[in-house]
$ cat run-v2.pdb   # PDB, C-alpha atoms (C1' of nucleotides)
MODEL        1
ATOM      1  CA  MET A   1      -5.492-212.819  64.165  1.00  0.00           C
ATOM      2  CA  ALA A   2      -6.677-209.336  64.454  1.00  0.00           C
ATOM      3  CA  ALA A   3      -7.567-208.505  60.889  1.00  0.00           C
ATOM      4  CA  GLY A   4     -10.529-206.486  59.804  1.00  0.00           C
ATOM      5  CA  ASN A   5     -11.192-208.777  56.875  1.00  0.00           C
ATOM      6  CA  VAL A   6     -12.122-212.334  57.609  1.00  0.00           C
ATOM      7  CA  PHE A   7     -10.451-213.284  54.348  1.00  0.00           C
ATOM      8  CA  GLU A   8      -7.078-212.244  55.749  1.00  0.00           C
ATOM      9  CA  ASP A   9      -7.609-214.455  58.779  1.00  0.00           C
ATOM     10  CA  ILE A  10      -8.549-217.355  56.560  1.00  0.00           C
ATOM     11  CA  TYR A  11      -5.405-216.923  54.503  1.00  0.00           C
ATOM     12  CA  GLU A  12      -3.367-216.920  57.681  1.00  0.00           C
ATOM     13  CA  VAL A  13      -4.953-220.065  59.097  1.00  0.00           C
ATOM     14  CA  VAL A  14      -4.738-221.981  55.829  1.00  0.00           C
ATOM     15  CA  CYS A  15      -1.116-220.938  55.462  1.00  0.00           C
ATOM     16  CA  LEU A  16      -0.463-222.313  58.947  1.00  0.00           C
ATOM     17  CA  ILE A  17      -1.663-225.780  57.994  1.00  0.00           C
ATOM     18  CA  PRO A  18       1.327-228.139  58.318  1.00  0.00           C
ATOM     19  CA  GLU A  19       2.240-230.398  55.411  1.00  0.00           C
ATOM     20  CA  GLY A  20       0.560-233.770  55.472  1.00  0.00           C
ATOM     21  CA  ARG A  21      -2.345-232.241  57.381  1.00  0.00           C
ATOM     22  CA  VAL A  22      -5.758-230.996  56.311  1.00  0.00           C
ATOM     23  CA  THR A  23      -8.473-228.929  57.939  1.00  0.00           C
ATOM     24  CA  SER A  24     -12.140-228.323  57.342  1.00  0.00           C
ATOM     25  CA  TYR A  25     -13.995-225.151  56.431  1.00  0.00           C
ATOM     26  CA  GLY A  26     -16.086-225.471  59.562  1.00  0.00           C
ATOM     27  CA  ALA A  27     -12.998-225.654  61.770  1.00  0.00           C
ATOM     28  CA  ILE A  28     -11.612-222.449  60.285  1.00  0.00           C
ATOM     29  CA  ALA A  29     -14.974-220.729  60.343  1.00  0.00           C
ATOM     30  CA  ARG A  30     -15.581-221.724  63.938  1.00  0.00           C
ATOM     31  CA  TYR A  31     -12.091-220.725  64.978  1.00  0.00           C
ATOM     32  CA  LEU A  32     -12.482-217.314  63.376  1.00  0.00           C
ATOM     33  CA  GLY A  33     -15.975-216.981  64.742  1.00  0.00           C
ATOM     34  CA  ILE A  34     -17.635-216.923  61.326  1.00  0.00           C
ATOM     35  CA  LYS A  35     -21.279-217.877  61.207  1.00  0.00           C
ATOM     36  CA  SER A  36     -21.237-219.670  57.890  1.00  0.00           C
ATOM     37  CA  ALA A  37     -18.535-221.997  56.672  1.00  0.00           C
ATOM     38  CA  ARG A  38     -19.523-220.958  53.163  1.00  0.00           C
ATOM     39  CA  MET A  39     -17.685-217.696  53.637  1.00  0.00           C
ATOM     40  CA  VAL A  40     -14.499-219.690  54.057  1.00  0.00           C
ATOM     41  CA  GLY A  41     -15.171-221.328  50.721  1.00  0.00           C
ATOM     42  CA  TRP A  42     -15.719-217.938  49.137  1.00  0.00           C
ATOM     43  CA  ALA A  43     -12.377-216.816  50.458  1.00  0.00           C
ATOM     44  CA  MET A  44     -10.812-219.912  48.939  1.00  0.00           C
ATOM     45  CA  ASN A  45     -12.459-219.005  45.672  1.00  0.00           C
ATOM     46  CA  GLY A  46     -10.105-216.040  45.533  1.00  0.00           C
ATOM     47  CA  LEU A  47      -7.084-218.079  46.527  1.00  0.00           C
ATOM     48  CA  THR A  48      -7.304-220.474  43.572  1.00  0.00           C
ATOM     49  CA  GLY A  49      -3.702-220.227  42.438  1.00  0.00           C
ATOM     50  CA  GLU A  50      -3.635-216.482  42.943  1.00  0.00           C
ATOM     51  CA  LYS A  51      -2.303-216.555  46.477  1.00  0.00           C
ATOM     52  CA  ASN A  52       0.450-218.577  48.108  1.00  0.00           C
ATOM     53  CA  VAL A  53      -2.125-220.283  50.280  1.00  0.00           C
ATOM     54  CA  PRO A  54      -2.219-224.101  50.238  1.00  0.00           C
ATOM     55  CA  ALA A  55      -5.959-224.247  49.732  1.00  0.00           C
ATOM     56  CA  HIS A  56      -5.613-227.857  48.658  1.00  0.00           C
ATOM     57  CA  ARG A  57      -5.225-228.656  52.348  1.00  0.00           C
ATOM     58  CA  VAL A  58      -8.708-227.364  53.038  1.00  0.00           C
ATOM     59  CA  VAL A  59     -11.515-229.890  52.710  1.00  0.00           C
ATOM     60  CA  ASN A  60     -15.080-230.195  53.938  1.00  0.00           C
ATOM     61  CA  SER A  61     -16.243-232.024  57.058  1.00  0.00           C
ATOM     62  CA  ALA A  62     -16.495-235.278  55.094  1.00  0.00           C
ATOM     63  CA  GLY A  63     -12.854-235.027  54.029  1.00  0.00           C
ATOM     64  CA  ILE A  64     -13.800-234.444  50.406  1.00  0.00           C
ATOM     65  CA  LEU A  65     -11.754-232.168  48.133  1.00  0.00           C
ATOM     66  CA  SER A  66     -14.794-230.086  47.274  1.00  0.00           C
ATOM     67  CA  GLY A  67     -12.892-227.644  45.108  1.00  0.00           C
ATOM     68  CA  ALA A  68     -10.668-230.111  43.313  1.00  0.00           C
ATOM     69  CA  SER A  69     -12.196-229.092  39.989  1.00  0.00           C
ATOM     70  CA  ALA A  70     -11.727-225.440  40.847  1.00  0.00           C
ATOM     71  CA  PHE A  71      -8.032-225.962  41.378  1.00  0.00           C
ATOM     72  CA  HIS A  72      -5.409-227.088  38.915  1.00  0.00           C
ATOM     73  CA  PRO A  73      -7.026-229.517  36.491  1.00  0.00           C
ATOM     74  CA  GLU A  74      -3.573-230.687  35.449  1.00  0.00           C
ATOM     75  CA  ASN A  75      -2.294-230.585  39.013  1.00  0.00           C
ATOM     76  CA  PRO A  76      -5.105-232.045  41.147  1.00  0.00           C
ATOM     77  CA  MET A  77      -5.326-231.343  44.856  1.00  0.00           C
ATOM     78  CA  HIS A  78      -5.251-235.011  45.754  1.00  0.00           C
ATOM     79  CA  LYS A  79      -1.901-235.440  44.026  1.00  0.00           C
ATOM     80  CA  ARG A  80      -0.409-232.628  46.061  1.00  0.00           C
ATOM     81  CA  LEU A  81      -1.904-234.020  49.256  1.00  0.00           C
ATOM     82  CA  GLU A  82      -0.563-237.479  48.531  1.00  0.00           C
ATOM     83  CA  ALA A  83       2.809-235.902  47.792  1.00  0.00           C
ATOM     84  CA  GLU A  84       2.690-234.430  51.304  1.00  0.00           C
ATOM     85  CA  GLY A  85       1.771-237.733  52.882  1.00  0.00           C
ATOM     86  CA  VAL A  86      -2.005-237.452  52.846  1.00  0.00           C
ATOM     87  CA  THR A  87      -3.793-240.509  51.496  1.00  0.00           C
ATOM     88  CA  VAL A  88      -6.564-239.499  49.107  1.00  0.00           C
ATOM     89  CA  LYS A  89      -9.042-241.806  47.408  1.00  0.00           C
ATOM     90  CA  ASP A  90     -11.529-240.593  44.829  1.00  0.00           C
ATOM     91  CA  ASN A  91     -11.208-236.970  45.952  1.00  0.00           C
ATOM     92  CA  LYS A  92     -11.750-238.097  49.520  1.00  0.00           C
ATOM     93  CA  VAL A  93      -9.168-237.886  52.280  1.00  0.00           C
ATOM     94  CA  GLN A  94      -8.479-241.252  53.874  1.00  0.00           C
ATOM     95  CA  ASN A  95      -7.632-241.340  57.579  1.00  0.00           C
ATOM     96  CA  PHE A  96      -9.238-237.929  57.662  1.00  0.00           C
ATOM     97  CA  LYS A  97      -9.375-238.004  61.429  1.00  0.00           C
ATOM     98  CA  THR A  98      -5.649-238.748  61.533  1.00  0.00           C
ATOM     99  CA  VAL A  99      -4.533-236.038  59.140  1.00  0.00           C
ATOM    100  CA  PHE A 100      -7.086-233.535  60.382  1.00  0.00           C
ATOM    101  CA  TRP A 101      -5.530-230.388  61.794  1.00  0.00           C
ATOM    102  CA  ASP A 102      -7.499-228.081  64.017  1.00  0.00           C
ATOM    103  CA  PRO A 103      -6.311-224.434  64.148  1.00  0.00           C
ATOM    104  CA  ALA A 104      -7.825-224.051  67.592  1.00  0.00           C
ATOM    105  CA  ALA A 105      -5.839-227.090  68.768  1.00  0.00           C
ATOM    106  CA  GLU A 106      -2.587-225.293  67.964  1.00  0.00           C
ATOM    107  CA  LEU A 107      -3.716-222.050  69.579  1.00  0.00           C
TER     108      LEU A 107
ATOM    109  C1'  DA B   1     -32.193-202.891  45.613  1.00  0.00           C
ATOM    110  C1'  DC B   2     -33.431-207.862  44.142  1.00  0.00           C
ATOM    111  C1'  DC B   3     -32.069-212.536  42.912  1.00  0.00           C
ATOM    112  C1'  DG B   4     -29.243-216.329  41.798  1.00  0.00           C
ATOM    113  C1'  DT B   5     -25.328-218.861  42.970  1.00  0.00           C
ATOM    114  C1'  DG B   6     -21.454-220.953  45.385  1.00  0.00           C
ATOM    115  C1'  DA B   7     -14.663-224.923  47.300  1.00  0.00           C
ATOM    116  C1'  DC B   8     -20.272-225.755  53.408  1.00  0.00           C
ATOM    117  C1'  DG B   9     -22.421-227.465  57.920  1.00  0.00           C
ATOM    118  C1'  DT B  10     -25.662-229.767  60.691  1.00  0.00           C
ATOM    119  C1'  DG B  11     -29.706-232.496  61.496  1.00  0.00           C
ATOM    120  C1'  DT B  12     -32.547-236.265  60.063  1.00  0.00           C
ATOM    121  C1'  DC B  13     -33.778-240.652  57.359  1.00  0.00           C
TER     122       DC B  13
ATOM    123  C1'  DT C   1     -20.501-240.942  55.321  1.00  0.00           C
ATOM    124  C1'  DG C   2     -25.050-243.130  51.576  1.00  0.00           C
ATOM    125  C1'  DA C   3     -29.078-238.906  50.466  1.00  0.00           C
ATOM    126  C1'  DC C   4     -32.260-234.594  51.309  1.00  0.00           C
ATOM    127  C1'  DA C   5     -33.609-230.186  53.355  1.00  0.00           C
ATOM    128  C1'  DC C   6     -32.672-225.847  55.588  1.00  0.00           C
ATOM    129  C1'  DG C   7     -29.665-222.156  57.048  1.00  0.00           C
ATOM    130  C1'  DC C   8     -26.220-218.920  56.190  1.00  0.00           C
ATOM    131  C1'  DC C   9     -23.306-214.775  54.114  1.00  0.00           C
ATOM    132  C1'  DA C  10     -21.040-212.322  50.329  1.00  0.00           C
ATOM    133  C1'  DC C  11     -20.681-210.978  45.565  1.00  0.00           C
ATOM    134  C1'  DG C  12     -21.983-210.331  40.585  1.00  0.00           C
ATOM    135  C1'  DG C  13     -25.424-209.237  37.139  1.00  0.00           C
TER     136       DG C  13
ENDMDL
END

$ encode --input "run-v2.pdb" --output "structure tokens"
Amino acid sequence: MAAGNVFEDIYEVVCLIPEGRVTSYGAIARYLGIKSARMVGWAMNGLTGEKNVPAHRVVNSAGILSGASAFHPENPMHKRLEAEGVTVKDNKVQNFKTVFWDPAAEL
DNA sequence: ACCGTGACGTGTC
DNA sequence: TGACACGCCACGG
């Protein structure tokens, strides 16, 4: 990823997340060399339905769908994740360690 | 230019 | 992964 804007890199990484897999803000931030994972969240803030990026596959370190409310109220993230094979309970990803996908692990 | 705020992370209890 | 505090960066008002 050799993009001037970190946002572009984030979009790329999130778009590379396989179905049935999730990743954490910290993993993306660390992989891109960002200091604060918050910046990743800010990037996501612009993705909310505007981009073709599966932001619903991005959760926090606890496996919680932090931005579930910021997504599609009628089409919750957890429903999409479950549809892809990810078990979600109360906005929390079950078997998080199993479905966790590390961008650095692929590259 | 200042301040508040936000889809977070890590350390500690 | 219960809760609390601190750090961190970007953007809008």

$ closest_atom_pairs --input "run-v2.pdb" --of "chain C" --to "chain A" --cutoff "8 Å" --atoms "all atoms listed in the file" --output "JSON lines"
{"residue": "C:DT1", "atom": "C1'", "partner": "A:Ala62", "partner_atom": "CA", "distance": 6.9}
{"residue": "C:DC8", "atom": "C1'", "partner": "A:Ser36", "partner_atom": "CA", "distance": 5.3}
{"residue": "C:DC9", "atom": "C1'", "partner": "A:Met39", "partner_atom": "CA", "distance": 6.4}
{"residue": "C:DA10", "atom": "C1'", "partner": "A:Met39", "partner_atom": "CA", "distance": 7.1}

$ closest_atom_pairs --input "run-v2.pdb" --of "chain B" --to "chain A" --cutoff "12 Å" --atoms "all atoms listed in the file" --output "CSV"
residue,atom,partner,partner_atom,distance
B:DT5,C1',A:Trp42,CA,11.5
B:DG6,C1',A:Trp42,CA,7.5
B:DA7,C1',A:Gly67,CA,3.9
B:DC8,C1',A:Arg38,CA,4.9
B:DG9,C1',A:Ala37,CA,6.8
B:DT10,C1',A:Ser61,CA,10.3

$ atom_distance --input "run-v2.pdb" --atom1 "CA of Lys79 (chain A)" --atom2 "CA of Ala104 (chain A)"
26.8 Å

$ residues_around --input "run-v2.pdb" --residues "Thr98 (chain A)" --least-positions-apart "2" --cutoff "12 Å" --atoms "only C-alpha atoms (C1' of nucleotides)" --output "ChimeraX atom specification"
/A:20-23,63,85-87,93-96,100-102

$ atom_distance --input "run-v2.pdb" --atom1 "CA of Val6 (chain A)" --atom2 "CA of Pro18 (chain A)"
20.8 Å

$ atom_distance --input "run-v2.pdb" --atom1 "CA of His78 (chain A)" --atom2 "CA of Arg57 (chain A)"
9.2 Å

$ axis_aligned_box --input "run-v2.pdb" --around "region 3-7 of chain B" --padding-each-side "5 Å" --output "lines of an AutoDock Vina configuration file"
center_x = -23.4
center_y = -218.7
center_z = 44.5
size_x = 27.4
size_y = 22.4
size_z = 15.5

$ residues_around --input "run-v2.pdb" --residues "DG13 (chain C)" --least-positions-apart "6" --cutoff "12 Å" --atoms "only C-alpha atoms (C1' of nucleotides)" --output "ChimeraX atom specification"
/B:2-5

$ resolve_selection --input "run-v2.pdb" --expression "the PyMOL selection byres ((chain C and resi 4) around 9)" --output "PyMOL selection string"
(chain B and resi 12-13) or (chain C and resi 3+5)

$ write_last_selection --input "run-v2.pdb" --atoms "C-alpha atoms (C1' of nucleotides)" --output "CSV table (one decimal), in the coordinates of the input"
chain,number,residue,atom,x,y,z
B,12,DT,C1',-32.5,-236.3,60.1
B,13,DC,C1',-33.8,-240.7,57.4
C,3,DA,C1',-29.1,-238.9,50.5
C,5,DA,C1',-33.6,-230.2,53.4

$ closest_residue --input "run-v2.pdb" --among "A:Glu19, A:Ile28, A:Glu12, A:Lys97" --to "Ala83 (chain A)" --atoms "all atoms listed in the file"
A:Glu19

$ decode --input "run-v2.pdb" --residues "chain B" --atoms "all heavy atoms" --output "CSV table (one decimal), in the first residue's frame"
chain,number,residue,atom,x,y,z
B,1,DA,P,-2.4,28.9,13.4
B,1,DA,OP1,-2.8,28.9,12.1
B,1,DA,OP2,-1.2,28.5,14.1
B,1,DA,O5',-3.5,29.3,14.5
B,1,DA,C5',-3.3,30.4,15.3
B,1,DA,C4',-4.2,30.3,16.5
B,1,DA,O4',-5.6,30.4,16.1
B,1,DA,C3',-4.0,29.0,17.3
B,1,DA,O3',-4.2,29.2,18.7
B,1,DA,C2',-5.1,28.1,16.6
B,1,DA,C1',-6.2,29.1,16.4
B,1,DA,N9,-7.0,28.8,15.2
B,1,DA,C8,-6.6,28.5,14.0
B,1,DA,N7,-7.6,28.2,13.1
B,1,DA,C5,-8.7,28.3,14.0
B,1,DA,C6,-10.1,28.0,13.7
B,1,DA,N6,-10.6,27.7,12.5
B,1,DA,N1,-11.0,28.2,14.8
B,1,DA,C2,-10.5,28.5,16.0
B,1,DA,N3,-9.2,28.7,16.3
B,1,DA,C4,-8.4,28.6,15.2
B,2,DC,P,-4.0,27.9,19.6
B,2,DC,OP1,-3.1,28.4,20.6
B,2,DC,OP2,-3.6,26.7,18.8
B,2,DC,O5',-5.5,27.7,20.2
B,2,DC,C5',-6.2,28.8,20.6
B,2,DC,C4',-7.5,28.3,21.3
B,2,DC,O4',-8.5,28.1,20.3
B,2,DC,C3',-7.3,27.0,22.1
B,2,DC,O3',-8.2,27.1,23.3
B,2,DC,C2',-7.8,26.0,21.1
B,2,DC,C1',-8.9,26.7,20.3
B,2,DC,N1,-9.0,26.2,18.9
B,2,DC,C2,-10.2,25.9,18.4
B,2,DC,O2,-11.2,26.1,19.1
B,2,DC,N3,-10.3,25.5,17.1
B,2,DC,C4,-9.2,25.4,16.4
B,2,DC,N4,-9.3,24.9,15.1
B,2,DC,C5,-7.9,25.7,16.9
B,2,DC,C6,-7.9,26.1,18.2
B,3,DC,P,-8.2,25.8,24.2
B,3,DC,OP1,-8.4,26.3,25.6
B,3,DC,OP2,-7.0,24.9,23.9
B,3,DC,O5',-9.5,25.1,23.8
B,3,DC,C5',-10.7,25.8,23.7
B,3,DC,C4',-11.9,24.8,23.5
B,3,DC,O4',-12.0,24.5,22.1
B,3,DC,C3',-11.8,23.5,24.3
B,3,DC,O3',-13.0,23.2,24.8
B,3,DC,C2',-11.3,22.6,23.2
B,3,DC,C1',-12.0,23.1,22.0
B,3,DC,N1,-11.2,22.8,20.7
B,3,DC,C2,-11.8,22.4,19.6
B,3,DC,O2,-13.0,22.3,19.6
B,3,DC,N3,-11.1,22.2,18.5
B,3,DC,C4,-9.8,22.3,18.5
B,3,DC,N4,-9.1,22.1,17.4
B,3,DC,C5,-9.1,22.7,19.7
B,3,DC,C6,-9.8,23.0,20.8
B,4,DG,P,-13.2,21.8,25.7
B,4,DG,OP1,-13.6,22.3,27.0
B,4,DG,OP2,-11.9,21.0,25.6
B,4,DG,O5',-14.3,21.0,25.0
B,4,DG,C5',-15.4,21.7,24.4
B,4,DG,C4',-16.1,20.8,23.4
B,4,DG,O4',-15.3,20.7,22.2
B,4,DG,C3',-16.2,19.3,23.9
B,4,DG,O3',-17.5,18.8,23.5
B,4,DG,C2',-15.1,18.5,23.2
B,4,DG,C1',-15.0,19.3,21.9
B,4,DG,N9,-13.7,19.2,21.3
B,4,DG,C8,-12.5,19.5,21.9
B,4,DG,N7,-11.4,19.4,21.2
B,4,DG,C5,-12.0,19.1,19.9
B,4,DG,C6,-11.3,18.8,18.7
B,4,DG,O6,-10.1,18.8,18.4
B,4,DG,N1,-12.2,18.5,17.7
B,4,DG,C2,-13.6,18.4,17.9
B,4,DG,N2,-14.3,18.0,16.8
B,4,DG,N3,-14.2,18.6,19.0
B,4,DG,C4,-13.3,18.9,20.0
B,5,DT,P,-18.1,17.5,24.1
B,5,DT,OP1,-19.5,17.6,24.4
B,5,DT,OP2,-17.1,17.1,25.2
B,5,DT,O5',-17.9,16.5,22.9
B,5,DT,C5',-18.4,16.8,21.6
B,5,DT,C4',-17.9,15.8,20.6
B,5,DT,O4',-16.6,16.1,20.2
B,5,DT,C3',-17.9,14.4,21.1
B,5,DT,O3',-18.5,13.5,20.1
B,5,DT,C2',-16.5,14.0,21.2
B,5,DT,C1',-15.8,14.9,20.1
B,5,DT,N1,-14.4,15.2,20.3
B,5,DT,C2,-13.6,15.1,19.2
B,5,DT,O2,-14.0,14.8,18.1
B,5,DT,N3,-12.3,15.4,19.5
B,5,DT,C4,-11.7,15.8,20.7
B,5,DT,O4,-10.5,16.0,20.7
B,5,DT,C5,-12.6,15.9,21.8
B,5,DT,C7,-12.1,16.3,23.1
B,5,DT,C6,-13.9,15.6,21.6
B,6,DG,P,-19.4,12.3,20.6
B,6,DG,OP1,-20.8,12.4,20.3
B,6,DG,OP2,-18.9,11.9,22.0
B,6,DG,O5',-18.8,11.2,19.6
B,6,DG,C5',-18.7,11.5,18.2
B,6,DG,C4',-17.6,10.6,17.6
B,6,DG,O4',-16.4,11.3,17.8
B,6,DG,C3',-17.6,9.3,18.2
B,6,DG,O3',-17.7,8.2,17.3
B,6,DG,C2',-16.2,9.2,18.9
B,6,DG,C1',-15.4,10.3,18.2
B,6,DG,N9,-14.4,11.0,19.0
B,6,DG,C8,-14.6,11.3,20.3
B,6,DG,N7,-13.5,11.8,20.8
B,6,DG,C5,-12.6,11.9,19.8
B,6,DG,C6,-11.3,12.4,19.8
B,6,DG,O6,-10.6,12.9,20.7
B,6,DG,N1,-10.7,12.2,18.5
B,6,DG,C2,-11.3,11.7,17.4
B,6,DG,N2,-10.6,11.6,16.3
B,6,DG,N3,-12.6,11.2,17.4
B,6,DG,C4,-13.1,11.4,18.7
B,7,DA,P,-18.8,7.3,17.6
B,7,DA,OP1,-20.1,7.6,17.0
B,7,DA,OP2,-18.8,7.3,19.1
B,7,DA,O5',-18.3,6.0,16.9
B,7,DA,C5',-18.4,4.8,17.6
B,7,DA,C4',-17.5,3.7,17.0
B,7,DA,O4',-18.0,3.3,15.7
B,7,DA,C3',-16.0,4.0,16.8
B,7,DA,O3',-15.3,3.0,17.4
B,7,DA,C2',-15.9,4.1,15.4
B,7,DA,C1',-16.9,3.1,14.9
B,7,DA,N9,-17.3,3.2,13.5
B,7,DA,C8,-17.6,4.4,12.8
B,7,DA,N7,-18.0,4.2,11.6
B,7,DA,C5,-17.8,2.8,11.4
B,7,DA,C6,-18.0,2.0,10.3
B,7,DA,N6,-18.4,2.4,9.1
B,7,DA,N1,-17.8,0.7,10.5
B,7,DA,C2,-17.3,0.2,11.6
B,7,DA,N3,-17.1,0.9,12.7
B,7,DA,C4,-17.4,2.2,12.6
B,8,DC,P,-14.9,2.9,18.8
B,8,DC,OP1,-15.4,1.7,19.3
B,8,DC,OP2,-15.2,4.2,19.5
B,8,DC,O5',-13.3,2.9,18.7
B,8,DC,C5',-12.7,2.4,17.5
B,8,DC,C4',-11.2,2.0,17.8
B,8,DC,O4',-10.6,3.1,18.5
B,8,DC,C3',-11.1,0.8,18.8
B,8,DC,O3',-10.0,0.0,18.4
B,8,DC,C2',-10.9,1.5,20.1
B,8,DC,C1',-10.1,2.7,19.8
B,8,DC,N1,-10.4,3.8,20.8
B,8,DC,C2,-9.3,4.3,21.4
B,8,DC,O2,-8.2,3.9,21.2
B,8,DC,N3,-9.5,5.3,22.3
B,8,DC,C4,-10.8,5.7,22.6
B,8,DC,N4,-10.9,6.7,23.5
B,8,DC,C5,-11.9,5.2,21.9
B,8,DC,C6,-11.7,4.2,21.0
B,9,DG,P,-9.5,-1.2,19.3
B,9,DG,OP1,-9.0,-2.2,18.4
B,9,DG,OP2,-10.6,-1.5,20.2
B,9,DG,O5',-8.3,-0.6,20.1
B,9,DG,C5',-7.2,-0.1,19.3
B,9,DG,C4',-6.0,0.0,20.2
B,9,DG,O4',-6.0,1.1,21.1
B,9,DG,C3',-5.8,-1.3,21.0
B,9,DG,O3',-4.4,-1.7,21.1
B,9,DG,C2',-6.3,-0.9,22.4
B,9,DG,C1',-6.1,0.6,22.4
B,9,DG,N9,-7.1,1.3,23.1
B,9,DG,C8,-8.5,1.3,22.9
B,9,DG,N7,-9.2,2.1,23.7
B,9,DG,C5,-8.2,2.7,24.4
B,9,DG,C6,-8.4,3.7,25.4
B,9,DG,O6,-9.4,4.2,25.9
B,9,DG,N1,-7.1,4.1,26.0
B,9,DG,C2,-5.9,3.6,25.6
B,9,DG,N2,-4.9,4.1,26.2
B,9,DG,N3,-5.8,2.7,24.6
B,9,DG,C4,-7.0,2.3,24.1
B,10,DT,P,-4.0,-3.0,21.8
B,10,DT,OP1,-3.0,-3.7,21.0
B,10,DT,OP2,-5.2,-3.8,22.2
B,10,DT,O5',-3.3,-2.6,23.2
B,10,DT,C5',-2.4,-1.4,23.1
B,10,DT,C4',-2.1,-1.0,24.5
B,10,DT,O4',-3.1,-0.2,25.0
B,10,DT,C3',-1.9,-2.2,25.5
B,10,DT,O3',-0.7,-1.9,26.3
B,10,DT,C2',-3.1,-2.1,26.3
B,10,DT,C1',-3.5,-0.6,26.3
B,10,DT,N1,-4.9,-0.4,26.5
B,10,DT,C2,-5.3,0.6,27.4
B,10,DT,O2,-4.5,1.3,28.0
B,10,DT,N3,-6.6,0.8,27.5
B,10,DT,C4,-7.6,0.1,26.9
B,10,DT,O4,-8.8,0.4,27.1
B,10,DT,C5,-7.2,-0.9,26.0
B,10,DT,C7,-8.2,-1.7,25.2
B,10,DT,C6,-5.9,-1.1,25.8
B,11,DG,P,-0.2,-3.2,27.3
B,11,DG,OP1,1.2,-3.4,27.0
B,11,DG,OP2,-1.2,-4.3,27.2
B,11,DG,O5',-0.4,-2.5,28.7
B,11,DG,C5',0.0,-1.1,28.9
B,11,DG,C4',-0.5,-0.6,30.2
B,11,DG,O4',-1.9,-0.3,30.1
B,11,DG,C3',-0.3,-1.6,31.4
B,11,DG,O3',0.2,-1.0,32.6
B,11,DG,C2',-1.8,-2.1,31.6
B,11,DG,C1',-2.6,-0.9,31.2
B,11,DG,N9,-3.9,-1.3,30.7
B,11,DG,C8,-4.2,-2.2,29.7
B,11,DG,N7,-5.5,-2.3,29.5
B,11,DG,C5,-6.1,-1.4,30.3
B,11,DG,C6,-7.4,-1.1,30.5
B,11,DG,O6,-8.4,-1.5,29.9
B,11,DG,N1,-7.6,-0.1,31.4
B,11,DG,C2,-6.6,0.5,32.1
B,11,DG,N2,-6.9,1.4,33.0
B,11,DG,N3,-5.3,0.2,32.0
B,11,DG,C4,-5.1,-0.8,31.1
B,12,DT,P,0.6,-1.9,33.8
B,12,DT,OP1,1.7,-1.3,34.4
B,12,DT,OP2,0.6,-3.3,33.4
B,12,DT,O5',-0.7,-1.7,34.8
B,12,DT,C5',-1.1,-0.4,35.2
B,12,DT,C4',-2.4,-0.5,36.0
B,12,DT,O4',-3.5,-0.7,35.1
B,12,DT,C3',-2.4,-1.6,37.0
B,12,DT,O3',-2.8,-1.1,38.3
B,12,DT,C2',-3.5,-2.6,36.5
B,12,DT,C1',-4.4,-1.6,35.7
B,12,DT,N1,-5.2,-2.3,34.7
B,12,DT,C2,-6.6,-2.0,34.6
B,12,DT,O2,-7.1,-1.2,35.3
B,12,DT,N3,-7.2,-2.7,33.6
B,12,DT,C4,-6.7,-3.6,32.7
B,12,DT,O4,-7.4,-4.2,31.9
B,12,DT,C5,-5.3,-3.9,32.9
B,12,DT,C7,-4.6,-4.9,32.0
B,12,DT,C6,-4.6,-3.2,33.8
B,13,DC,P,-2.8,-2.1,39.6
B,13,DC,OP1,-2.2,-1.4,40.7
B,13,DC,OP2,-2.3,-3.4,39.2
B,13,DC,O5',-4.4,-2.2,39.9
B,13,DC,C5',-5.2,-1.1,39.8
B,13,DC,C4',-6.6,-1.4,40.2
B,13,DC,O4',-7.4,-1.8,39.0
B,13,DC,C3',-6.7,-2.5,41.2
B,13,DC,O3',-7.8,-2.1,42.2
B,13,DC,C2',-7.2,-3.7,40.5
B,13,DC,C1',-8.0,-3.1,39.3
B,13,DC,N1,-8.0,-3.9,38.1
B,13,DC,C2,-9.2,-4.2,37.5
B,13,DC,O2,-10.3,-3.7,38.0
B,13,DC,N3,-9.2,-4.9,36.4
B,13,DC,C4,-8.1,-5.3,35.8
B,13,DC,N4,-8.1,-6.0,34.7
B,13,DC,C5,-6.8,-5.1,36.5
B,13,DC,C6,-6.8,-4.3,37.6
